[in-house]
file coords_5.txt (compact mmCIF, C-alpha atoms)
# COMPACT_ATOMS: atom_id res chain seq x y z
CA MET A 356 111.06 143.16 67.71
CA SER A 357 113.82 145.65 68.53
CA ARG A 358 115.10 148.48 66.39
CA LEU A 359 118.85 147.97 65.91
CA THR A 360 121.65 149.02 63.63
CA TYR A 361 123.30 146.52 61.29
CA ARG A 362 126.38 146.70 63.56
CA GLU A 363 124.51 146.12 66.81
CA ALA A 364 122.44 143.31 65.32
CA ALA A 365 125.60 141.39 64.47
CA ARG A 366 127.13 142.08 67.88
CA LEU A 367 124.01 140.71 69.58
CA ALA A 368 123.91 137.65 67.34
CA LEU A 369 127.46 136.75 68.35
CA ALA A 370 126.76 137.52 72.02
CA HIS A 371 123.72 135.23 72.01
CA GLU A 372 125.68 132.36 70.43
CA LEU A 373 128.59 132.84 72.85
CA ALA A 374 126.12 132.64 75.73
CA ALA A 375 124.29 129.62 74.33
CA ASP A 376 127.22 127.41 73.30
CA PRO A 377 130.56 127.15 75.17
CA ALA A 378 132.19 125.82 71.97
CA VAL A 379 131.72 129.23 70.28
CA TRP A 380 134.59 131.70 70.53
CA THR A 381 135.95 134.54 68.42
CA LEU A 382 139.40 135.76 67.42
CA GLY A 383 140.96 138.59 65.45
CA GLU A 384 142.92 141.81 65.58
CA ASP A 385 141.70 144.43 68.08
CA ILE A 386 138.38 142.73 68.82
CA GLY A 387 139.09 143.12 72.54
CA ARG A 388 138.86 146.86 71.92
CA GLY A 389 135.59 146.45 70.04
CA GLY A 390 136.85 145.83 66.51
CA VAL A 391 137.54 148.31 63.72
CA PHE A 392 133.86 149.18 63.37
CA GLY A 393 132.67 148.56 66.95
CA GLN A 394 131.00 145.29 66.00
CA TYR A 395 132.62 143.49 69.01
CA GLN A 396 132.06 146.28 71.53
CA GLY A 397 131.90 144.96 75.12
CA LEU A 398 132.15 141.27 74.22
CA GLN A 399 135.56 140.66 75.80
CA ALA A 400 134.42 142.26 79.05
CA GLU A 401 131.33 140.03 79.05
CA PHE A 402 132.86 136.72 77.97
CA GLY A 403 136.55 137.11 78.86
CA PRO A 404 139.81 137.10 76.86
CA ALA A 405 139.81 133.31 76.49
CA ARG A 406 136.66 133.42 74.32
CA VAL A 407 137.07 136.87 72.71
CA VAL A 408 140.71 136.59 71.71
CA ASP A 409 142.97 139.40 70.50
CA THR A 410 145.55 138.14 68.03
CA PRO A 411 148.80 139.30 66.44
CA ILE A 412 148.59 141.02 63.04
CA SER A 413 148.77 137.89 60.89
CA GLU A 414 145.68 136.86 58.95
CA ALA A 415 147.26 133.54 57.95
CA ALA A 416 148.00 132.67 61.60
CA ILE A 417 144.48 133.70 62.66
CA MET A 418 142.80 131.57 60.01
CA GLY A 419 145.18 128.63 60.46
CA GLY A 420 144.59 128.56 64.21
CA ALA A 421 140.83 128.77 63.70
CA VAL A 422 140.80 125.91 61.18
CA GLY A 423 142.72 123.68 63.60
CA ALA A 424 140.43 124.62 66.49
CA ALA A 425 137.35 123.91 64.37
CA LEU A 426 138.70 120.47 63.43
CA LEU A 427 139.04 119.78 67.17
CA GLY A 428 135.37 120.54 67.79
CA THR A 429 135.08 124.24 68.63
CA ARG A 430 133.16 126.87 66.61
CA PRO A 431 135.48 129.83 65.92
CA VAL A 432 134.22 133.16 64.54
CA VAL A 433 137.13 134.75 62.68
CA GLU A 434 137.42 138.52 62.17
CA MET A 435 139.37 139.62 59.05
CA ARG A 436 138.83 143.41 59.49
CA PHE A 437 138.62 144.05 55.71
CA SER A 438 137.82 141.56 52.96
CA ASP A 439 140.97 142.71 51.19
CA PHE A 440 143.17 141.58 54.12
CA ALA A 441 141.60 138.12 54.13
CA LEU A 442 143.53 137.35 50.96
CA CYS A 443 146.57 136.75 53.19
CA ALA A 444 144.68 133.76 54.61
CA VAL A 445 143.25 132.29 51.41
CA ASP A 446 145.39 129.11 51.56
CA GLU A 447 144.09 128.21 55.01
CA LEU A 448 140.50 128.96 53.99
CA VAL A 449 140.41 127.54 50.45
CA ASN A 450 142.91 124.66 50.58
CA GLN A 451 142.24 123.52 54.15
CA ALA A 452 138.86 124.64 55.59
CA ALA A 453 136.86 124.21 52.39
CA LYS A 454 138.32 120.77 51.56
CA ALA A 455 138.61 118.99 54.91
CA ARG A 456 135.09 117.54 55.09
CA TYR A 457 135.38 116.00 51.60
CA MET A 458 138.99 114.82 51.88
CA PHE A 459 138.37 113.04 55.21
CA GLY A 460 135.20 111.35 53.99
CA GLY A 461 132.93 113.33 56.30
CA GLN A 462 134.88 112.31 59.43
CA ALA A 463 136.17 115.87 59.90
CA ARG A 464 134.25 119.14 59.69
CA VAL A 465 135.29 122.79 59.91
CA PRO A 466 132.44 124.74 61.54
CA LEU A 467 133.96 128.22 61.40
CA VAL A 468 132.62 131.62 60.33
CA VAL A 469 134.85 134.17 58.60
CA ARG A 470 133.54 137.73 58.92
CA GLN A 471 134.78 139.96 56.11
CA PRO A 472 133.69 143.63 55.86
CA VAL A 473 133.30 144.41 52.13
CA GLY A 474 132.46 147.14 49.68
CA LEU A 475 133.02 150.81 48.93
CA TRP A 476 133.29 152.95 52.04
CA SER A 477 134.01 156.71 51.97
CA ASN A 478 137.21 157.00 49.94
CA SER A 479 139.01 153.98 51.34
CA ALA A 480 140.76 153.31 48.03
CA ALA A 481 141.68 150.18 46.12
CA GLN A 482 142.98 148.03 49.01
CA HIS A 483 140.03 148.60 51.37
CA SER A 484 137.02 148.67 49.03
CA GLN A 485 136.77 145.40 47.15
CA SER A 486 133.77 143.09 46.79
CA LEU A 487 135.26 139.63 46.18
CA GLU A 488 132.25 137.38 46.75
CA SER A 489 132.60 135.61 43.40
CA TRP A 490 136.05 134.28 44.45
CA TYR A 491 134.54 132.42 47.40
CA ILE A 492 131.38 131.33 45.58
CA HIS A 493 133.69 129.58 43.11
CA ILE A 494 135.17 127.33 45.81
CA PRO A 495 133.37 124.01 46.56
CA GLY A 496 132.94 123.57 50.29
CA LEU A 497 132.34 127.21 51.24
CA VAL A 498 129.00 128.77 52.17
CA VAL A 499 128.81 132.49 51.26
CA LEU A 500 126.41 134.99 52.88
CA ALA A 501 125.85 138.72 52.23
CA PRO A 502 123.21 140.30 54.53
CA ALA A 503 121.75 143.69 53.54
CA THR A 504 119.57 144.46 56.60
CA PRO A 505 120.01 144.39 60.39
CA ALA A 506 117.53 141.51 60.67
CA ASP A 507 119.40 139.45 58.10
CA ASN A 508 122.78 140.24 59.64
CA TYR A 509 121.45 138.98 62.98
CA GLY A 510 119.62 135.94 61.65
CA LEU A 511 122.21 134.83 59.10
CA LEU A 512 125.14 135.22 61.50
CA ARG A 513 123.37 132.98 64.03
CA ALA A 514 122.69 130.41 61.28
CA ALA A 515 126.32 130.64 60.14
CA ILE A 516 127.70 130.01 63.64
CA ARG A 517 125.44 126.94 63.99
CA SER A 518 126.45 125.54 60.58
CA ASP A 519 128.85 122.61 60.39
CA ASP A 520 130.45 124.00 57.21
CA PRO A 521 132.89 126.93 56.80
CA VAL A 522 130.94 130.12 56.12
CA VAL A 523 132.21 133.39 54.61
CA HIS A 524 129.98 136.12 56.09
CA LEU A 525 130.31 139.37 54.08
CA GLU A 526 129.15 142.54 55.89
CA HIS A 527 128.97 145.79 53.93
CA LYS A 528 130.87 148.65 55.60
CA ASP A 529 128.39 151.27 54.42
CA LEU A 530 125.57 149.42 56.20
CA TRP A 531 126.97 149.46 59.77
CA PRO A 532 124.76 152.43 60.85
CA ALA A 533 121.65 151.26 58.93
CA GLU A 534 118.66 150.69 61.24
CA GLY A 535 115.83 148.18 61.08
CA GLU A 536 113.51 145.92 63.08
CA VAL A 537 115.13 142.70 64.34
CA PRO A 538 113.32 139.72 65.93
CA LEU A 539 115.33 138.77 69.02
CA ASP A 540 113.02 136.09 70.38
CA GLY A 541 114.36 132.65 71.19
CA ASP A 542 116.47 130.83 68.63
CA TRP A 543 115.22 132.79 65.61
CA GLU A 544 117.56 132.69 62.62
CA VAL A 545 117.39 133.31 58.86
CA PRO A 546 117.61 130.05 56.88
CA ILE A 547 120.62 129.81 54.58
CA GLY A 548 119.74 129.59 50.87
CA VAL A 549 116.44 131.51 50.90
CA ALA A 550 116.09 134.85 49.07
CA ARG A 551 114.00 137.80 50.35
CA ARG A 552 111.46 139.64 48.19
CA VAL A 553 112.16 143.32 48.82
CA ARG A 554 109.51 144.70 46.48
CA GLU A 555 106.85 143.17 44.25
CA GLY A 556 106.68 144.44 40.67
CA ARG A 557 105.45 143.45 37.22
CA ASP A 558 107.98 144.52 34.55
CA VAL A 559 111.61 143.72 35.45
CA THR A 560 113.14 141.31 37.99
CA VAL A 561 116.10 142.93 39.76
CA VAL A 562 118.35 140.43 41.56
CA THR A 563 120.87 141.93 43.96
CA TRP A 564 122.49 141.59 47.41
CA SER A 565 124.43 143.48 50.09
CA GLY A 566 124.86 147.20 49.28
CA GLY A 567 123.06 146.72 45.98
CA VAL A 568 119.70 146.30 47.74
CA ARG A 569 119.48 149.90 48.90
CA ILE A 570 120.44 151.13 45.43
CA ALA A 571 117.78 148.94 43.83
CA GLU A 572 115.14 150.28 46.22
CA GLU A 573 116.06 153.86 45.28
CA ALA A 574 115.98 152.89 41.62
CA ALA A 575 112.47 151.44 42.00
CA ALA A 576 111.07 154.89 42.78
CA LEU A 577 112.83 156.42 39.78
CA ALA A 578 111.65 153.62 37.50
CA GLU A 579 108.09 153.87 38.77
CA ALA A 580 108.04 157.52 37.66
CA GLN A 581 108.79 156.22 34.14
CA GLY A 582 106.01 153.64 34.35
CA VAL A 583 108.39 150.71 34.98
CA SER A 584 107.67 148.40 37.93
CA LEU A 585 110.63 146.53 39.53
CA ASP A 586 110.37 143.16 41.26
CA ILE A 587 113.39 143.19 43.62
CA LEU A 588 114.95 140.05 45.11
CA ASP A 589 117.71 140.19 47.74
CA LEU A 590 119.60 136.91 47.45
CA ARG A 591 121.30 137.42 50.89
CA SER A 592 122.65 133.85 50.60
CA LEU A 593 125.02 133.67 47.60
CA TRP A 594 125.97 130.02 47.99
CA PRO A 595 123.69 128.20 48.14
CA TRP A 596 121.50 130.65 46.23
CA ASP A 597 117.74 130.61 45.72
CA ARG A 598 117.37 129.63 42.06
CA GLY A 599 113.67 128.90 42.50
CA ALA A 600 112.81 132.43 43.68
CA VAL A 601 114.77 133.99 40.80
CA LEU A 602 113.29 131.74 38.12
CA ASP A 603 109.75 132.21 39.45
CA SER A 604 110.10 135.99 39.32
CA VAL A 605 111.66 136.08 35.85
CA ALA A 606 109.04 133.68 34.52
CA ARG A 607 106.46 136.26 35.58
CA THR A 608 108.19 139.48 34.41
CA GLY A 609 110.08 138.08 31.40
CA ARG A 610 113.05 140.36 32.11
CA LEU A 611 116.14 140.11 34.35
CA LEU A 612 118.60 142.74 35.58
CA VAL A 613 121.34 141.62 38.01
CA VAL A 614 122.87 144.44 40.05
CA HIS A 615 126.03 144.13 42.16
CA GLU A 616 128.76 146.38 43.49
CA ALA A 617 131.55 143.96 42.54
CA VAL A 618 133.36 144.24 39.21
CA GLU A 619 130.96 143.12 36.49
CA VAL A 620 133.55 141.02 34.60
CA ALA A 621 133.34 137.40 35.86
CA GLY A 622 131.13 138.49 38.75
CA PHE A 623 128.37 136.34 40.27
CA GLY A 624 125.86 138.14 38.08
CA ALA A 625 127.19 136.11 35.15
CA GLU A 626 126.21 132.84 36.87
CA ILE A 627 122.69 134.10 37.54
CA ALA A 628 122.33 135.39 33.98
CA ALA A 629 123.49 132.06 32.51
CA THR A 630 121.15 130.08 34.77
CA VAL A 631 118.13 132.17 33.73
CA ALA A 632 119.09 132.06 30.05
CA ASP A 633 119.36 128.26 30.20
CA ALA A 634 116.06 127.74 32.00
CA LEU A 635 113.84 130.47 30.55
CA PHE A 636 115.24 131.39 27.15
CA GLY A 637 111.91 130.96 25.38
CA ALA A 638 110.03 133.03 27.97
CA LEU A 639 112.31 136.08 27.97
CA LYS A 640 111.00 139.35 26.54
CA ALA A 641 114.47 140.94 26.43
CA PRO A 642 118.12 139.83 26.81
CA VAL A 643 119.29 139.31 30.38
CA ARG A 644 121.35 142.25 31.64
CA ARG A 645 124.05 142.72 34.30
CA LEU A 646 125.06 145.98 35.95
CA GLY A 647 128.28 145.92 38.00
CA ALA A 648 131.38 148.03 38.55
CA PRO A 649 133.90 148.63 35.76
CA ARG A 650 137.11 146.56 35.91
CA ILE A 651 139.23 149.26 37.55
CA PRO A 652 140.85 149.61 41.00
CA VAL A 653 138.59 151.72 43.23
CA PRO A 654 140.04 155.27 43.12
CA TYR A 655 141.03 157.07 46.31
CA SER A 656 140.15 160.49 44.89
CA PRO A 657 136.66 161.67 45.94
CA ALA A 658 136.27 163.06 42.45
CA LEU A 659 137.05 159.72 40.79
CA GLU A 660 135.55 157.19 43.22
CA PRO A 661 132.00 157.59 41.77
CA ALA A 662 133.30 155.95 38.58
CA SER A 663 133.31 152.65 40.55
CA ARG A 664 129.84 153.05 42.00
CA ILE A 665 126.57 151.62 40.72
CA THR A 666 123.90 154.30 41.04
CA ALA A 667 120.12 154.25 41.28
CA PRO A 668 119.68 156.30 38.09
CA ALA A 669 121.85 153.78 36.20
CA VAL A 670 119.75 150.87 37.50
CA ALA A 671 116.50 152.65 36.61
CA ALA A 672 117.81 153.45 33.13
CA ALA A 673 118.91 149.84 32.55
CA ALA A 674 115.48 148.57 33.63
CA ALA A 675 113.71 151.03 31.34
CA GLY A 676 115.96 149.89 28.50
CA LEU A 677 114.86 146.29 29.01
CA VAL A 678 111.19 147.26 28.91
CA SER A 679 111.60 149.26 25.70
CA TRP A 680 113.75 146.63 23.98
CA ARG A 681 112.34 146.04 20.50
CA SER A 682 109.18 147.95 21.37
call {"tool": "encode", "arguments": {"input": "coords_5.txt", "output": "structure tokens"}}
result
Amino acid sequence: MSRLTYREAARLALAHELAADPAVWTLGEDIGRGGVFGQYQGLQAEFGPARVVDTPISEAAIMGGAVGAALLGTRPVVEMRFSDFALCAVDELVNQAAKARYMFGGQARVPLVVRQPVGLWSNSAAQHSQSLESWYIHIPGLVVLAPATPADNYGLLRAAIRSDDPVVHLEHKDLWPAEGEVPLDGDWEVPIGVARRVREGRDVTVVTWSGGVRIAEEAAALAEAQGVSLDILDLRSLWPWDRGAVLDSVARTGRLLVVHEAVEVAGFGAEIAATVADALFGALKAPVRRLGAPRIPVPYSPALEPASRITAPAVAAAAAGLVSWRS
């Protein structure tokens, strides 16, 4: 075990895969200088400019080149700087990378990873703060990951690079300095599609991911003071997602609260809520509940930005409301 930040854990994961497999390479804007957040620091000096490639400012060209290189047998890791900017490359990702394996009858695969920093980050405003995971989850052919801890960022990024399918790897900007223990031994990785139990509780199942995990943990302490015990699951893999872990927890607590930073309307929380309602309707003690951001652009103003944030007191209050429903 080593104690690392979320940023350093990801840098090491990429460094280990570059060292282990000559087919792995990475490309994006300014990564030779370490990347916008320092997550590529020192990699070009270690592996050279032919494997850590600085590109022109064109997300479509970056993604298009990576898709072609993946079809030819390499394993590109694509840096999009901000999730918002990746929208310039959606055609290459959604219409080409996600479809190629199916349309060529399995004779062609696109083993690329697209790293997209997401989420609210210190007054970065509407074009640098979005959480768009539900867009990618909706697309057949894409794997979608959202690590919340340094260990998961390390282990899931290694698993993503080794995958033969295109993976969208969403890293929360607020988590870059977060520290935690990371196993660095051998080929350790986090399996895709398996949720993590953050906290065991008896009254309400809270399903969340990415930046929502820390908020849910803070909410658990507030809820406990009100006599409400939260069972917290971090999905960490959004597609495929761990239905079994969610259903097992809700079957035990009888209550579900889904928490995410993305806009609540048409967010992934709706899919989880519908799945639980279908499978466990007769066992529920209260209606399923979602808690996400309002459908507004994230404000630049420090005074207004909190209107877009999900807070621990709001999560604790929603959980308490589920416990007291009809009681």
call {"tool": "residues_around", "arguments": {"input": "coords_5.txt", "residues": "Met356 in chain A", "least_positions_apart": "5", "cutoff": "6 Å", "atoms": "all atoms listed in the file", "output": "number ranges by chain"}}
result
A: 536-538
call {"tool": "residues_around", "arguments": {"input": "coords_5.txt", "residues": "Pro532 in chain A", "least_positions_apart": "6", "cutoff": "9 Å", "atoms": "only C-alpha atoms", "output": "ChimeraX atom specification"}}
result
/A:359-363
call {"tool": "residues_near_point", "arguments": {"input": "coords_5.txt", "point": "(134.2, 149.4, 61.0)", "cutoff": "10 Å", "atoms": "only C-alpha atoms", "output": "list in words"}}
result
Arg362, Gly389, Gly390, Val391, Phe392, Gly393, Gln394, Arg436, Phe437, Pro472, Trp476, Glu526, His527, Lys528, Asp529, Leu530, Trp531 and Pro532 of chain A
call {"tool": "closest_residue", "arguments": {"input": "coords_5.txt", "among": "A:Gly423, A:Pro649, A:Gly548, A:Pro521", "to": "Ala600 in chain A", "atoms": "all atoms listed in the file"}}
result
A:Gly548
call {"tool": "atom_distance", "arguments": {"input": "coords_5.txt", "atom1": "CA of Val498 in chain A", "atom2": "CA of Met418 in chain A"}}
result
16.1 Å
call {"tool": "residues_around", "arguments": {"input": "coords_5.txt", "residues": "Ala641 in chain A", "least_positions_apart": "5", "cutoff": "8 Å", "atoms": "all atoms listed in the file", "output": "ChimeraX atom specification"}}
result
/A:609-610,677-678,680
call {"tool": "write_last_selection", "arguments": {"input": "coords_5.txt", "atoms": "C-alpha atoms", "output": "PDB file, in the frame of the given file"}}
result
ATOM      1  CA  GLY A 609     110.080 138.080  31.400  1.00  0.00           C
ATOM      2  CA  ARG A 610     113.050 140.360  32.110  1.00  0.00           C
ATOM      3  CA  LEU A 677     114.860 146.290  29.010  1.00  0.00           C
ATOM      4  CA  VAL A 678     111.190 147.260  28.910  1.00  0.00           C
ATOM      5  CA  TRP A 680     113.750 146.630  23.980  1.00  0.00           C
TER       6      TRP A 680
END
call {"tool": "residues_near_point", "arguments": {"input": "coords_5.txt", "point": "(113.1, 128.9, 41.6)", "cutoff": "12 Å", "atoms": "only C-alpha atoms", "output": "PyMOL selection string"}}
result
chain A and resi 548-550+588+590+596-607+627+630-631+634-635
call {"tool": "atom_distance", "arguments": {"input": "coords_5.txt", "atom1": "CA of Ala574 in chain A", "atom2": "CA of Arg470 in chain A"}}
result
28.9 Å
call {"tool": "atom_distance", "arguments": {"input": "coords_5.txt", "atom1": "CA of Ala405 in chain A", "atom2": "CA of Trp543 in chain A"}}
result
26.9 Å
call {"tool": "closest_residue", "arguments": {"input": "coords_5.txt", "among": "A:His493, A:Asp376, A:Leu611, A:Ala621", "to": "Ala648 in chain A", "atoms": "all atoms listed in the file"}}
result
A:Ala621
call {"tool": "closest_residue", "arguments": {"input": "coords_5.txt", "among": "A:Val653, A:Val614, A:Ala667, A:Ile516", "to": "Glu372 in chain A", "atoms": "all atoms listed in the file"}}
result
A:Ile516
call {"tool": "residues_around", "arguments": {"input": "coords_5.txt", "residues": "Glu544 in chain A", "least_positions_apart": "6", "cutoff": "7 Å", "atoms": "all atoms listed in the file", "output": "tab-separated table (two decimals) with C-alpha atoms, keeping the file's coordinate frame"}}
result
chain	number	residue	atom	x	y	z
A	510	GLY	CA	119.62	135.94	61.65
A	511	LEU	CA	122.21	134.83	59.10
A	513	ARG	CA	123.37	132.98	64.03
A	514	ALA	CA	122.69	130.41	61.28
call {"tool": "closest_residue", "arguments": {"input": "coords_5.txt", "among": "A:Ser565, A:Tyr509, A:Ala421, A:Ser477", "to": "Leu369 in chain A", "atoms": "all atoms listed in the file"}}
result
A:Tyr509
call {"tool": "closest_residue", "arguments": {"input": "coords_5.txt", "among": "A:Pro668, A:Pro654, A:Gly419, A:Gly567", "to": "Glu579 in chain A", "atoms": "only C-alpha atoms"}}
result
A:Pro668
call {"tool": "residues_around", "arguments": {"input": "coords_5.txt", "residues": "Ser484 in chain A", "least_positions_apart": "2", "cutoff": "7 Å", "atoms": "only C-alpha atoms", "output": "list in words"}}
result
Val473, Gly474, Leu475, Trp476, Ser479, Ala480, Ala481, Gln482, Ser486 and Val653 of chain A
call {"tool": "closest_residue", "arguments": {"input": "coords_5.txt", "among": "A:Ala378, A:Ile651, A:Ala571, A:Val523", "to": "Met435 in chain A", "atoms": "all atoms listed in the file"}}
result
A:Val523
